[in-house]
>>> print(open('target02.txt').read())   # compact mmCIF, C-alpha atoms and all ligand atoms
# COMPACT_ATOMS: atom_id res chain seq x y z
CA MET M 8 60.34 -120.91 -283.88
CA ARG M 9 61.74 -123.70 -281.73
CA THR M 10 60.61 -123.36 -278.13
CA LEU M 11 61.99 -125.15 -275.10
CA VAL M 12 59.45 -125.80 -272.35
CA THR M 13 60.96 -126.91 -269.05
CA GLY M 14 58.30 -128.69 -267.03
CA GLY M 15 56.40 -129.30 -270.25
CA ALA M 16 54.86 -132.53 -268.95
CA GLY M 17 53.18 -130.70 -266.07
CA PHE M 18 49.64 -129.47 -266.01
CA ILE M 19 50.30 -125.93 -267.25
CA GLY M 20 53.37 -126.95 -269.28
CA SER M 21 51.46 -129.52 -271.30
CA ALA M 22 48.67 -127.05 -272.08
CA LEU M 23 51.37 -124.59 -273.17
CA CYS M 24 52.98 -127.19 -275.46
CA GLU M 25 49.62 -127.88 -277.12
CA HIS M 26 49.09 -124.18 -277.66
CA LEU M 27 52.60 -123.64 -279.09
CA LEU M 28 52.22 -126.57 -281.49
CA ASP M 29 48.84 -125.21 -282.59
CA SER M 30 50.51 -121.92 -283.42
CA GLY M 31 53.15 -123.62 -285.55
CA ASP M 32 56.12 -123.89 -283.18
CA GLU M 33 58.48 -126.79 -282.82
CA VAL M 34 58.58 -127.73 -279.16
CA VAL M 35 61.25 -129.38 -277.04
CA VAL M 36 60.08 -130.53 -273.61
CA LEU M 37 62.53 -131.01 -270.75
CA ASP M 38 60.88 -132.71 -267.79
CA ASP M 39 62.07 -135.10 -265.09
CA LEU M 40 58.56 -136.56 -264.72
CA SER M 41 58.78 -136.15 -260.95
CA THR M 42 55.32 -134.66 -260.71
CA GLY M 43 54.58 -134.26 -264.42
CA SER M 44 53.43 -137.16 -266.54
CA LEU M 45 53.72 -138.23 -270.16
CA ASP M 46 49.96 -138.81 -270.03
CA ASN M 47 49.59 -135.06 -270.00
CA LEU M 48 51.27 -134.94 -273.42
CA SER M 49 49.35 -137.88 -274.84
CA GLY M 50 47.46 -135.63 -277.27
CA VAL M 51 50.66 -134.31 -278.86
CA ILE M 52 53.40 -136.85 -278.15
CA GLU M 53 53.11 -138.33 -281.67
CA ASP M 54 53.49 -134.92 -283.27
CA PRO M 55 56.85 -134.92 -285.11
CA ARG M 56 57.32 -131.27 -284.12
CA LEU M 57 57.43 -132.23 -280.44
CA SER M 58 60.46 -133.82 -278.85
CA PHE M 59 60.63 -134.98 -275.28
CA VAL M 60 63.83 -135.05 -273.22
CA HIS M 61 63.68 -136.83 -269.87
CA GLY M 62 65.93 -134.81 -267.58
CA SER M 63 66.17 -132.25 -264.83
CA VAL M 64 67.00 -128.57 -264.84
CA LEU M 65 69.68 -129.56 -262.31
CA GLU M 66 71.56 -131.39 -265.10
CA ARG M 67 73.56 -128.62 -266.73
CA ASP M 68 74.83 -130.65 -269.68
CA VAL M 69 71.33 -131.75 -270.63
CA LEU M 70 70.04 -128.22 -270.26
CA ASP M 71 72.87 -126.89 -272.38
CA SER M 72 72.16 -129.28 -275.22
CA VAL M 73 68.41 -128.55 -275.31
CA MET M 74 68.96 -124.81 -274.98
CA ALA M 75 71.39 -124.88 -277.90
CA ARG M 76 68.49 -125.93 -280.14
CA ALA M 77 66.01 -123.34 -278.88
CA GLY M 78 65.02 -119.80 -279.87
CA ARG M 79 63.20 -119.20 -276.60
CA VAL M 80 62.53 -120.96 -273.33
CA PHE M 81 59.43 -121.08 -271.14
CA HIS M 82 60.81 -122.10 -267.75
CA LEU M 83 58.05 -123.84 -265.81
CA ALA M 84 59.97 -126.71 -264.22
CA ALA M 85 59.73 -126.46 -260.46
CA VAL M 86 58.89 -128.37 -257.33
CA VAL M 87 55.34 -127.23 -256.65
CA GLY M 88 52.45 -127.97 -254.34
CA VAL M 89 52.24 -127.10 -250.67
CA ARG M 90 52.47 -130.76 -249.70
CA LEU M 91 55.81 -131.35 -251.45
CA ILE M 92 57.27 -128.06 -250.30
CA VAL M 93 56.38 -128.67 -246.67
CA ASP M 94 57.58 -132.29 -246.72
CA HIS M 95 60.79 -131.81 -248.75
CA PRO M 96 61.96 -128.21 -248.47
CA LEU M 97 65.59 -128.95 -249.38
CA HIS M 98 64.72 -130.58 -252.68
CA GLY M 99 62.34 -127.72 -253.44
CA LEU M 100 65.00 -125.12 -252.72
CA ARG M 101 67.57 -126.89 -254.89
CA VAL M 102 65.36 -127.36 -257.92
CA ASN M 103 63.63 -124.02 -257.63
CA ILE M 104 66.77 -121.93 -257.10
CA HIS M 105 69.70 -123.83 -258.67
CA GLY M 106 67.54 -125.17 -261.49
CA THR M 107 66.46 -121.66 -262.44
CA GLU M 108 70.02 -120.36 -262.26
CA ASN M 109 71.05 -123.17 -264.61
CA VAL M 110 68.28 -122.25 -267.05
CA LEU M 111 69.32 -118.59 -267.00
CA GLU M 112 72.98 -119.43 -267.51
CA ALA M 113 72.22 -121.72 -270.44
CA ALA M 114 69.92 -119.06 -271.93
CA ARG M 115 72.69 -116.49 -271.64
CA THR M 116 75.22 -118.81 -273.27
CA HIS M 117 72.95 -119.50 -276.23
CA GLY M 118 71.27 -116.09 -276.53
CA VAL M 119 67.80 -117.45 -275.77
CA ARG M 120 64.80 -115.36 -274.69
CA VAL M 121 63.35 -116.42 -271.31
CA LEU M 122 59.86 -116.51 -269.88
CA LEU M 123 60.09 -117.32 -266.19
CA ALA M 124 56.95 -118.75 -264.59
CA SER M 125 56.68 -117.28 -261.13
CA THR M 126 53.82 -117.21 -258.68
CA SER M 127 51.47 -115.07 -256.65
CA GLU M 128 53.06 -116.77 -253.65
CA VAL M 129 55.82 -114.16 -253.86
CA TYR M 130 53.36 -111.64 -252.35
CA GLY M 131 53.04 -113.89 -249.30
CA LYS M 132 50.61 -112.63 -246.67
CA ASN M 133 49.88 -109.31 -248.35
CA THR M 134 46.07 -109.08 -248.30
CA ALA M 135 45.77 -105.94 -250.45
CA ASP M 136 42.54 -105.37 -252.35
CA ARG M 137 44.44 -105.80 -255.59
CA LEU M 138 48.01 -107.06 -255.64
CA SER M 139 49.87 -105.14 -258.30
CA GLU M 140 53.29 -106.10 -259.56
CA ASP M 141 55.09 -103.65 -257.27
CA SER M 142 53.16 -104.66 -254.13
CA ASP M 143 55.23 -105.52 -251.08
CA ARG M 144 56.09 -109.08 -250.18
CA ILE M 145 55.09 -110.15 -246.68
CA LEU M 146 56.56 -113.50 -245.75
CA GLY M 147 56.57 -115.46 -242.51
CA SER M 148 59.67 -116.80 -240.77
CA ALA M 149 62.49 -117.93 -243.04
CA LEU M 150 62.67 -121.06 -240.92
CA LEU M 151 59.15 -122.21 -241.80
CA SER M 152 59.42 -124.60 -244.74
CA ARG M 153 56.04 -123.34 -245.94
CA TRP M 154 57.68 -120.09 -247.06
CA THR M 155 60.55 -121.69 -248.95
CA TYR M 156 58.54 -121.79 -252.18
CA ALA M 157 57.76 -118.07 -252.00
CA GLY M 158 61.37 -117.40 -250.97
CA ALA M 159 62.84 -119.45 -253.82
CA LYS M 160 60.55 -117.94 -256.44
CA GLY M 161 61.42 -114.46 -255.22
CA ILE M 162 65.12 -115.31 -255.60
CA ASP M 163 64.37 -116.70 -259.08
CA GLU M 164 62.80 -113.43 -260.11
CA ALA M 165 65.76 -111.51 -258.74
CA PHE M 166 68.20 -113.85 -260.51
CA ALA M 167 66.34 -113.49 -263.78
CA HIS M 168 66.18 -109.73 -263.48
CA ALA M 169 69.91 -109.56 -262.76
CA TYR M 170 70.65 -111.75 -265.80
CA ALA M 171 68.52 -109.40 -267.90
CA THR M 172 70.17 -106.29 -266.47
CA GLU M 173 73.79 -107.42 -266.33
CA TYR M 174 73.94 -109.78 -269.31
CA GLY M 175 71.10 -108.47 -271.47
CA VAL M 176 69.19 -111.75 -271.44
CA PRO M 177 65.72 -110.97 -272.89
CA LEU M 178 63.24 -111.75 -270.15
CA VAL M 179 59.64 -111.64 -269.03
CA ILE M 180 58.31 -112.95 -265.71
CA VAL M 181 54.72 -114.05 -265.23
CA ARG M 182 53.19 -114.39 -261.77
CA LEU M 183 50.49 -117.04 -261.92
CA PHE M 184 47.60 -116.92 -259.44
CA ASN M 185 46.02 -120.29 -258.62
CA THR M 186 45.90 -121.59 -262.18
CA VAL M 187 43.52 -124.53 -262.46
CA GLY M 188 42.00 -126.78 -265.10
CA PRO M 189 41.84 -130.33 -266.41
CA ARG M 190 44.93 -132.51 -265.72
CA GLN M 191 45.86 -130.73 -262.51
CA THR M 192 46.13 -133.29 -259.75
CA GLY M 193 45.09 -132.82 -256.15
CA ARG M 194 47.90 -135.10 -254.99
CA TYR M 195 50.13 -132.27 -253.81
CA GLY M 196 47.48 -130.16 -252.15
CA MET M 197 45.81 -128.14 -254.90
CA VAL M 198 42.34 -127.35 -253.72
CA VAL M 199 40.22 -127.42 -256.89
CA PRO M 200 41.06 -130.96 -258.07
CA ASN M 201 41.08 -132.14 -254.45
CA LEU M 202 37.59 -130.93 -253.65
CA ILE M 203 36.13 -131.93 -257.01
CA GLY M 204 37.63 -135.42 -256.67
CA GLN M 205 36.12 -135.72 -253.21
CA ALA M 206 32.73 -134.51 -254.41
CA LEU M 207 32.73 -136.97 -257.31
CA ALA M 208 33.67 -139.82 -254.97
CA GLY M 209 30.98 -138.86 -252.45
CA GLU M 210 33.65 -138.26 -249.81
CA PRO M 211 33.70 -135.31 -247.40
CA LEU M 212 35.19 -132.14 -248.91
CA THR M 213 38.17 -131.12 -246.78
CA VAL M 214 38.19 -127.36 -246.26
CA PHE M 215 41.23 -126.23 -244.29
CA GLY M 216 41.13 -123.65 -241.50
CA ASP M 217 37.86 -121.71 -241.24
CA GLY M 218 37.32 -121.77 -245.01
CA GLN M 219 37.10 -117.98 -245.17
CA GLN M 220 40.48 -117.60 -246.92
CA THR M 221 39.96 -116.40 -250.49
CA ARG M 222 41.56 -116.97 -253.89
CA CYS M 223 40.93 -115.91 -257.52
CA PHE M 224 41.20 -119.06 -259.59
CA SER M 225 42.31 -118.64 -263.18
CA TYR M 226 41.63 -121.08 -265.97
CA VAL M 227 44.62 -122.59 -267.72
CA ALA M 228 43.20 -121.92 -271.20
CA ASP M 229 42.88 -118.21 -270.35
CA VAL M 230 46.40 -118.02 -268.94
CA VAL M 231 48.44 -119.94 -271.50
CA PRO M 232 47.76 -117.68 -274.54
CA ALA M 233 48.59 -114.66 -272.37
CA MET M 234 51.91 -116.23 -271.39
CA VAL M 235 52.81 -116.68 -275.05
CA ALA M 236 51.65 -113.16 -275.93
CA LEU M 237 53.78 -111.73 -273.13
CA ALA M 238 56.81 -113.71 -274.32
CA GLU M 239 56.33 -111.99 -277.68
CA CYS M 240 55.61 -108.50 -276.33
CA PRO M 241 58.63 -106.15 -276.46
CA ALA M 242 56.99 -103.79 -273.95
CA ALA M 243 56.98 -106.62 -271.39
CA ASP M 244 60.77 -106.96 -271.45
CA LYS M 245 62.22 -107.27 -267.93
CA LEU M 246 58.78 -106.92 -266.34
CA ALA M 247 56.95 -109.19 -263.93
CA VAL M 248 53.29 -109.47 -264.93
CA ASN M 249 50.35 -110.83 -262.91
CA LEU M 250 48.06 -113.37 -264.56
CA GLY M 251 45.15 -114.07 -262.24
CA GLY M 252 41.52 -115.04 -262.22
CA LEU M 253 38.29 -113.10 -262.35
CA THR M 254 36.49 -113.50 -259.08
CA GLU M 255 37.50 -113.64 -255.43
CA ILE M 256 35.93 -116.65 -253.73
CA SER M 257 36.35 -118.18 -250.29
CA ILE M 258 37.34 -121.82 -250.10
CA MET M 259 34.12 -122.59 -248.19
CA ASP M 260 32.08 -120.96 -250.94
CA LEU M 261 34.08 -122.91 -253.53
CA ALA M 262 33.31 -126.16 -251.70
CA ARG M 263 29.60 -125.30 -251.56
CA ARG M 264 29.49 -124.47 -255.26
CA ILE M 265 31.26 -127.72 -256.14
CA VAL M 266 28.78 -129.76 -254.10
CA SER M 267 25.81 -128.01 -255.61
CA ARG M 268 27.11 -127.91 -259.18
CA LEU M 269 27.97 -131.61 -259.17
CA ASP M 270 24.88 -132.57 -257.23
CA SER M 271 27.15 -134.40 -254.80
CA PRO M 272 25.93 -136.08 -251.61
CA SER M 273 29.21 -135.10 -249.87
CA GLU M 274 29.34 -133.10 -246.69
CA ILE M 275 31.86 -130.29 -246.18
CA ARG M 276 34.28 -130.79 -243.33
CA LEU M 277 36.51 -128.16 -241.72
CA ILE M 278 40.02 -129.48 -241.06
CA PRO M 279 42.46 -127.54 -238.86
CA TYR M 280 45.63 -126.48 -240.67
CA SER M 281 47.71 -128.37 -238.10
CA GLU M 282 45.99 -131.58 -239.18
CA ALA M 283 46.32 -130.82 -242.89
CA TYR M 284 49.90 -129.59 -243.01
CA GLY M 285 51.38 -130.11 -239.54
CA PRO M 286 52.09 -127.62 -236.77
CA GLY M 287 53.05 -124.02 -237.49
CA TYR M 288 51.44 -123.82 -240.93
CA GLU M 289 50.52 -120.33 -242.09
CA ASP M 290 48.06 -119.80 -244.90
CA MET M 291 47.44 -116.74 -247.02
CA ARG M 292 44.17 -115.17 -245.99
CA ARG M 293 43.52 -113.52 -249.28
CA ARG M 294 45.12 -113.29 -252.71
CA VAL M 295 43.59 -110.99 -255.29
CA PRO M 296 45.42 -109.98 -258.48
CA ASP M 297 45.46 -106.68 -260.24
CA ASN M 298 45.53 -107.79 -263.89
CA THR M 299 45.70 -104.25 -265.29
CA LEU M 300 49.24 -104.59 -266.62
CA ALA M 301 48.56 -107.83 -268.50
CA GLY M 302 45.36 -106.30 -269.85
CA ARG M 303 47.24 -103.31 -271.15
CA LEU M 304 50.20 -105.23 -272.57
CA VAL M 305 48.45 -108.17 -274.24
CA GLY M 306 44.70 -107.70 -273.76
CA PHE M 307 44.48 -110.29 -270.98
CA HIS M 308 40.87 -110.49 -269.81
CA PRO M 309 40.13 -113.88 -268.28
CA ARG M 310 36.61 -115.02 -269.11
CA THR M 311 36.13 -118.48 -267.65
CA THR M 312 33.83 -118.47 -264.63
CA ILE M 313 34.25 -120.67 -261.55
CA GLU M 314 31.17 -122.66 -262.61
CA GLU M 315 32.71 -123.39 -266.01
CA ILE M 316 35.96 -124.36 -264.30
CA ILE M 317 34.14 -126.78 -261.98
CA ASP M 318 32.27 -128.34 -264.93
CA ARG M 319 35.38 -128.80 -267.05
CA VAL M 320 37.59 -130.16 -264.28
CA ALA M 321 34.84 -132.53 -263.15
CA ALA M 322 34.27 -133.72 -266.73
CA SER M 323 37.98 -134.41 -267.18
CA MET M 324 38.14 -136.36 -263.91
CA ALA M 325 35.09 -138.41 -264.76
CA ALA M 326 36.55 -139.28 -268.19
CA PRO M 327 37.85 -142.87 -268.57
CA VAL M 328 41.50 -141.90 -269.11
CA THR M 329 42.64 -139.64 -266.29
CA SER M 330 46.13 -138.33 -266.04
CA GLY M 331 47.97 -136.78 -263.20
CA SER M 332 50.60 -134.18 -262.92
CA ALA M 333 51.36 -131.66 -260.32
CA GLY M 334 49.88 -128.33 -260.96
CA THR M 335 52.45 -125.67 -261.31
CA HIS M 336 52.91 -122.18 -260.11
CA ARG M 337 49.98 -121.31 -258.08
N1 LIG M 401 42.79 -126.09 -249.25
C1 LIG M 401 41.66 -126.67 -248.67
N2 LIG M 401 41.44 -128.00 -248.88
C2 LIG M 401 42.26 -128.79 -249.65
C3 LIG M 401 43.39 -128.18 -250.25
C4 LIG M 401 43.62 -126.83 -250.02
O1 LIG M 401 40.89 -126.01 -247.97
O2 LIG M 401 41.97 -129.99 -249.79
C5 LIG M 401 42.99 -124.64 -249.07
C6 LIG M 401 44.41 -124.20 -248.75
O3 LIG M 401 44.66 -124.24 -247.35
C7 LIG M 401 44.40 -122.77 -249.27
C8 LIG M 401 43.48 -122.85 -250.50
O4 LIG M 401 42.69 -124.02 -250.31
O5 LIG M 401 43.82 -121.89 -248.35
C9 LIG M 401 44.21 -122.95 -251.82
O6 LIG M 401 45.14 -124.00 -251.72
P1 LIG M 401 46.10 -124.44 -252.90
O7 LIG M 401 47.10 -125.39 -252.32
O8 LIG M 401 45.28 -124.92 -254.06
O9 LIG M 401 46.81 -123.09 -253.36
P2 LIG M 401 47.52 -121.90 -252.52
O10 LIG M 401 46.68 -120.71 -252.80
O11 LIG M 401 47.57 -122.26 -251.09
O12 LIG M 401 48.84 -121.76 -253.12
>>> encode(input="target02.txt", output="structure tokens")
Amino acid sequence: MRTLVTGGAGFIGSALCEHLLDSGDEVVVLDDLSTGSLDNLSGVIEDPRLSFVHGSVLERDVLDSVMARAGRVFHLAAVVGVRLIVDHPLHGLRVNIHGTENVLEAARTHGVRVLLASTSEVYGKNTADRLSEDSDRILGSALLSRWTYAGAKGIDEAFAHAYATEYGVPLVIVRLFNTVGPRQTGRYGMVVPNLIGQALAGEPLTVFGDGQQTRCFSYVADVVPAMVALAECPAADKLAVNLGGLTEISIMDLARRIVSRLDSPSEIRLIPYSEAYGPGYEDMRRRVPDNTLAGRLVGFHPRTTIEEIIDRVAASMAAPVTSGSAGTHR
């Protein structure tokens, strides 16, 4: 099987490429290296079964030529990270909406099966005990740039579903919940690499707001095999499927565990959202996945604990060769 991975030089994309190569695929990566990095692919770049194309999902001719060679596409390319989205909403909207439409159109033209990487952000401010795939979306004002990522990804899902329904494009959507792991950078706001980097450097850990907001972090090595299994699961056709982590944890608790686990001298500092992201920022108070569907379809049962995640991310950051790419699809 030849698989196209858009955003394959990103943090999740590169882990996906390694996994696909391990399972015998040929892999074509399309990445504009805006937030991804070739360093992320350093372990596989010499593999003759991997080819790298430097380009954007906004370039239709490039997309068309790589899609023509593929049997399936994992579409991960996106502008991600709260920092980038808040600072450059227009670019985010263009890449995240038009880029996805281009991918879907090229997939339709060449009869290629699509896995669309979406995000738990689509649920917005819904604080349900367990967000299931049909939970309501609760978004803030359309004029707040903070919500453009959730808005664009929601449109992407709708676009993809319409392509599947009206053109018969084979499709599965995965909604990723705060996927973390080695190679994710904190540069664009992601909390786990940010706080671990601060703890390792002995700097104050910056916890935004009151620190009582919660997340369920999932480990990239748990998520990637489930993505591939879903792409190969006929019962998942046209569905959106949550892939989230095990345990709900507040950001303050996360910061405390990082300090204690890494034996760091750092203090923990509360930073108002207005200072972190500018005025008018709205956070999600809580985001807890219901993973039942993924469990039923492909046996998804994430196992990596937050302590193991902290250890592995810290070990990768302390290693002599560090690489940076934006995390994708929180
Ligand atoms: N956050 C924080 N300190 C940081 C970066 C992020 O307290 O240095 C908070 C952020 O406000 C959010 C949570 O950590 O409440 C998770 O942020 P991230 O950007 O990783 O993902 P999100 O869930 O917001 O998409």
>>> residues_around(input="target02.txt", residues="Lys132 of chain M", least_positions_apart="4", cutoff="9 Å", atoms="only C-alpha atoms", output="list in words")
Glu128, Arg144, Ile145, Leu146, Gly147, Glu289, Asp290, Met291, Arg292, Arg293 and Arg294 of chain M
>>> residues_around(input="target02.txt", residues="Ile162 of chain M", least_positions_apart="6", cutoff="12 Å", atoms="all atoms listed in the file", output="ChimeraX atom specification")
/M:100-101,103-108,123,125-126,129,155-156,168-169
>>> residues_near_ligand(input="target02.txt", ligand="ligand LIG 401 (chain M)", cutoff="6 Å", atoms="all atoms listed in the file", output="NGL selection string")
:M and (89 or 185 or 196-198 or 201-202 or 213-215 or 220 or 258 or 290 or 337)
>>> atom_distance(input="target02.txt", atom1="atom CA of Asp94 of chain M", atom2="atom CA of Ala208 of chain M")
26.4 Å
>>> atom_distance(input="target02.txt", atom1="atom CA of Leu91 of chain M", atom2="atom CA of Arg194 of chain M")
9.4 Å
>>> closest_residue(input="target02.txt", among="M:Arg319, M:Ala157, M:Ser127, M:Val305", to="Gly252 of chain M", atoms="only C-alpha atoms")
M:Ser127
>>> decode(input="target02.txt", residues="segment 225-235 of chain M", atoms="all heavy atoms", output="CSV table (one decimal), in the first residue's frame")
chain,number,residue,atom,x,y,z
M,225,SER,N,-3.4,12.1,25.7
M,225,SER,CA,-3.2,10.8,25.1
M,225,SER,C,-1.8,10.7,24.5
M,225,SER,O,-1.3,11.7,24.0
M,225,SER,CB,-4.3,10.5,24.1
M,225,SER,OG,-4.3,11.5,23.1
M,226,TYR,N,-1.3,9.5,24.6
M,226,TYR,CA,0.1,9.3,24.2
M,226,TYR,C,0.1,9.0,22.7
M,226,TYR,O,-0.6,8.1,22.2
M,226,TYR,CB,0.8,8.3,25.0
M,226,TYR,CG,2.2,8.2,24.8
M,226,TYR,CD1,3.1,9.3,25.1
M,226,TYR,CD2,2.9,7.0,24.4
M,226,TYR,CE1,4.4,9.2,24.9
M,226,TYR,CE2,4.2,6.9,24.2
M,226,TYR,CZ,5.0,8.1,24.4
M,226,TYR,OH,6.4,8.0,24.3
M,227,VAL,N,1.0,9.6,22.0
M,227,VAL,CA,1.1,9.5,20.5
M,227,VAL,C,1.2,8.0,20.1
M,227,VAL,O,0.5,7.6,19.1
M,227,VAL,CB,2.2,10.4,19.9
M,227,VAL,CG1,3.6,9.9,20.3
M,227,VAL,CG2,2.1,10.4,18.4
M,228,ALA,N,1.9,7.2,20.8
M,228,ALA,CA,2.1,5.8,20.4
M,228,ALA,C,0.9,5.0,20.7
M,228,ALA,O,0.8,3.9,20.2
M,228,ALA,CB,3.3,5.2,21.1
M,229,ASP,N,0.0,5.4,21.5
M,229,ASP,CA,-1.3,4.8,21.7
M,229,ASP,C,-2.3,5.1,20.6
M,229,ASP,O,-3.1,4.3,20.1
M,229,ASP,CB,-2.0,5.2,23.0
M,229,ASP,CG,-1.3,4.6,24.2
M,229,ASP,OD1,-0.6,3.5,24.1
M,229,ASP,OD2,-1.4,5.2,25.3
M,230,VAL,N,-2.1,6.4,20.1
M,230,VAL,CA,-3.1,7.0,19.2
M,230,VAL,C,-2.8,6.5,17.7
M,230,VAL,O,-3.8,6.2,17.0
M,230,VAL,CB,-3.1,8.5,19.3
M,230,VAL,CG1,-3.8,9.2,18.1
M,230,VAL,CG2,-3.7,8.9,20.6
M,231,VAL,N,-1.6,6.5,17.4
M,231,VAL,CA,-1.2,6.3,16.0
M,231,VAL,C,-1.7,4.9,15.5
M,231,VAL,O,-2.3,4.8,14.4
M,231,VAL,CB,0.3,6.5,15.7
M,231,VAL,CG1,0.8,5.8,14.5
M,231,VAL,CG2,0.6,8.0,15.6
M,232,PRO,N,-1.4,3.8,16.2
M,232,PRO,CA,-1.9,2.5,15.7
M,232,PRO,C,-3.5,2.5,15.6
M,232,PRO,O,-4.0,1.9,14.7
M,232,PRO,CB,-1.5,1.5,16.7
M,232,PRO,CG,-0.4,2.2,17.5
M,232,PRO,CD,-0.7,3.7,17.4
M,233,ALA,N,-4.1,3.2,16.5
M,233,ALA,CA,-5.6,3.3,16.4
M,233,ALA,C,-6.1,4.0,15.1
M,233,ALA,O,-7.1,3.7,14.5
M,233,ALA,CB,-6.2,3.9,17.6
M,234,MET,N,-5.3,5.1,14.8
M,234,MET,CA,-5.7,5.8,13.5
M,234,MET,C,-5.6,4.9,12.3
M,234,MET,O,-6.5,4.9,11.5
M,234,MET,CB,-4.7,7.0,13.3
M,234,MET,CG,-4.9,8.1,14.3
M,234,MET,SD,-3.6,9.4,14.2
M,234,MET,CE,-3.9,10.1,12.6
M,235,VAL,N,-4.5,4.1,12.3
M,235,VAL,CA,-4.3,3.2,11.1
M,235,VAL,C,-5.4,2.1,11.1
M,235,VAL,O,-6.0,1.8,10.1
M,235,VAL,CB,-2.9,2.6,11.2
M,235,VAL,CG1,-2.7,1.6,10.0
M,235,VAL,CG2,-1.8,3.7,11.1
